[in-house]
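Everything below concerns the one structure shown next.
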Amino acid sequence: MYPPITADPIPQKTKAQGRATHLATLAIRALIEETELTPKPALVDKRGPGAHADLSLTLMKRSARSLRPHFEMMARISFHQTPNQTLRERLGAIGRSAERSMLSATDGVNTHRGAIWALGLLISAAAMEASRPDVVADRAGQLACLPDRNAPQQQQSNGSRVIERYQVSGARGEAQARFPHVTAAGLPMLYRSRQHGASETKARLDSLLAIMMSLHDTCLLHRGGLVALNRAQTAAAAILASGGTATVQGWELLQGLDRDLVALHASPGGSEIC
């Protein structure tokens, strides 16, 4: 008797590539849909550049698409891995390559440096076969806590100056803390707004506002100081307290927040990255 014929198992390399392609596709889609989400307070959207004179919807989309091969590579090398020093440093090297691609695509404009950091960590964690948001965030946080010994010493940036002046955690601290504003604020609000019948656009806006309400947004602090941060946090809380952007009052308050932040030349770019 002959043994039963069975299909050849799918090679690990093929599985890794399939997972990497899928995760990179999701990441680029998320960046583009986030940019297109309208109306966001003082941020680039379908209406225009918001408080960013050097940005546009077209530029943001071109920048996002330039990151696809880098995100795919991050996912591929992370497949079935666990957070470790070697992986962290390989991700850092790919991230720096992604930044160069971004700057080439945008003629030197920083469009997605923060997103490369945050999404790179999350993509890597998701490629480890993590599925639940809290598990993905935890593994991404473990990676963020590991030093990148190969990172070049950089001059002080706008973000680092804000962190030092206002004693806030910034994007690195948010990642090292396991993305608490995503898991404990943004995602719960997104799910809750959907359950209450809000449209997808308004549910996503509510999610952004939930993050804005408590995050010490370094982009707001850099551009408008504590005045801009306090205005954004107070208004976001008021909009959600009124029932969110699906209500008439919440929608009107959102328009007022947009006008105020544009007048201050400040935008919640840190909350958007989260």
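Chain labels follow the order of the structure tokens: the first chain is A, the next B, and so on; residue numbering restarts at 1 in every chain, and ligands are counted from 1 in their shown order.
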- Task: Please provide the set of residues having any atom within 6 Å of stretch 253-263 of chain A, restricted to only C-alpha atoms, with same-chain residues fewer than 6 positions apart removed, written as a PyMOL selection string.
- Result: chain A and resi 41-42+51
- Message: Please list as JSON, numbers by chain every residue within 7 Å of stretch 82-97 of chain A, counting only C-alpha atoms and excluding residues in the same chain fewer than 5 positions away.
- Response: {"A": [70, 74, 116, 128, 139, 142, 143, 146, 148, 150]}
- Item | Spatial neighbours of A:Gly114, 9 Å, only C-alpha atoms, chain gap at least 6 places, as a PyMOL selection string | chain A and resi 171+270+273
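The shortest atom-to-atom distance to A:Glu72, with only C-alpha atoms taken into account, belongs to A:Arg19 out of A:Arg165, A:Arg113, A:Arg19, A:Lys13.
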- Check the smallest atom-to-atom distance from each of A:Val182, A:Leu190, A:Ala53, A:Ala64 to A:Arg29 using only C-alpha atoms, then report the winner. A:Ala64
As a CSV table (one decimal) with C-alpha atoms, in the first residue's frame, please: every residue in stretch 71-104 of chain A that a backbone DSSP assignment puts in helix (DSSP H, G or I).
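See result-v4.csv below for the written result:
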chain,number,residue,atom,x,y,z
A,71,PHE,CA,7.8,48.1,6.0
A,72,GLU,CA,7.7,44.9,4.1
A,73,MET,CA,11.3,44.2,4.9
A,74,MET,CA,10.7,45.0,8.6
A,75,ALA,CA,7.9,42.4,8.7
A,76,ARG,CA,9.9,39.8,6.8
A,77,ILE,CA,12.9,39.8,9.1
A,78,SER,CA,10.6,39.8,12.2
A,85,GLN,CA,18.9,43.2,20.3
A,86,THR,CA,19.9,42.0,16.8
A,87,LEU,CA,16.4,42.4,15.4
A,88,ARG,CA,16.1,45.9,17.0
A,89,GLU,CA,19.3,47.0,15.3
A,90,ARG,CA,18.2,45.6,11.9
A,91,LEU,CA,14.9,47.4,12.2
A,92,GLY,CA,16.8,50.6,13.0
A,93,ALA,CA,18.9,50.3,9.9
A,94,ILE,CA,15.8,49.7,7.7
A,95,GLY,CA,14.1,52.7,9.4
A,96,ARG,CA,17.0,55.0,8.5
A,97,SER,CA,16.8,53.7,4.9
A,98,ALA,CA,13.0,54.4,5.0
A,99,GLU,CA,13.7,58.0,6.2
A,100,ARG,CA,16.0,58.5,3.2
A,101,SER,CA,13.4,57.2,0.8
A,102,MET,CA,10.8,59.5,2.4
A,103,LEU,CA,13.0,62.6,2.1
A,104,SER,CA,13.8,61.7,-1.5
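One finds atom CA of A:Gly141 at 5.3 Å from atom CA of A:Ala175.
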- Which residue of A:Ala24, A:Val248, A:Met189, A:Ile32 approaches A:Leu57 most closely, using only C-alpha atoms: A:Ile32
- Determine, counting only C-alpha atoms, which protein, DNA and RNA residues have an atom within 10 Å of an atom of A:Trp251; residues of the same chain fewer than 6 positions away are not included. Present the result as a VMD selection string. chain A and resid 39 202 239 242 to 245 257
Resulting file, chosen residues, C-alpha atoms, as a PDB file, in the first residue's frame:
ATOM      1  CA  PRO A  39     -12.074  67.073   8.716  1.00  0.00           C
ATOM      2  CA  LYS A 202     -16.839  60.102  12.731  1.00  0.00           C
ATOM      3  CA  ILE A 239     -16.395  67.274  21.931  1.00  0.00           C
ATOM      4  CA  SER A 242     -21.092  66.261  24.024  1.00  0.00           C
ATOM      5  CA  GLY A 243     -21.490  62.831  22.448  1.00  0.00           C
ATOM      6  CA  GLY A 244     -18.693  62.980  19.899  1.00  0.00           C
ATOM      7  CA  THR A 245     -18.501  64.217  16.334  1.00  0.00           C
ATOM      8  CA  LEU A 257     -11.015  73.602  17.372  1.00  0.00           C
TER       9      LEU A 257
END
- One-decimal distance in Å that lies between atom CA of A:Ala125 and atom CA of A:Arg65: 21.0 Å
- Task: Write out as a PyMOL selection string the residues lying within 6 Å of A:Asp45, counting only C-alpha atoms and excluding same-chain residues fewer than 4 positions away.
- Result: chain A and resi 35-36+38
- Task: Using only C-alpha atoms, find the one residue out of A:Thr201, A:Gln12, A:Val44, A:Ala237 that sits nearest to A:Gly250.
- Result: A:Ala237
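Considering only C-alpha atoms, the residue among A:Pro133, A:Gly50, A:Gly120, A:Gly224 positioned nearest to A:Gly186 is A:Pro133.
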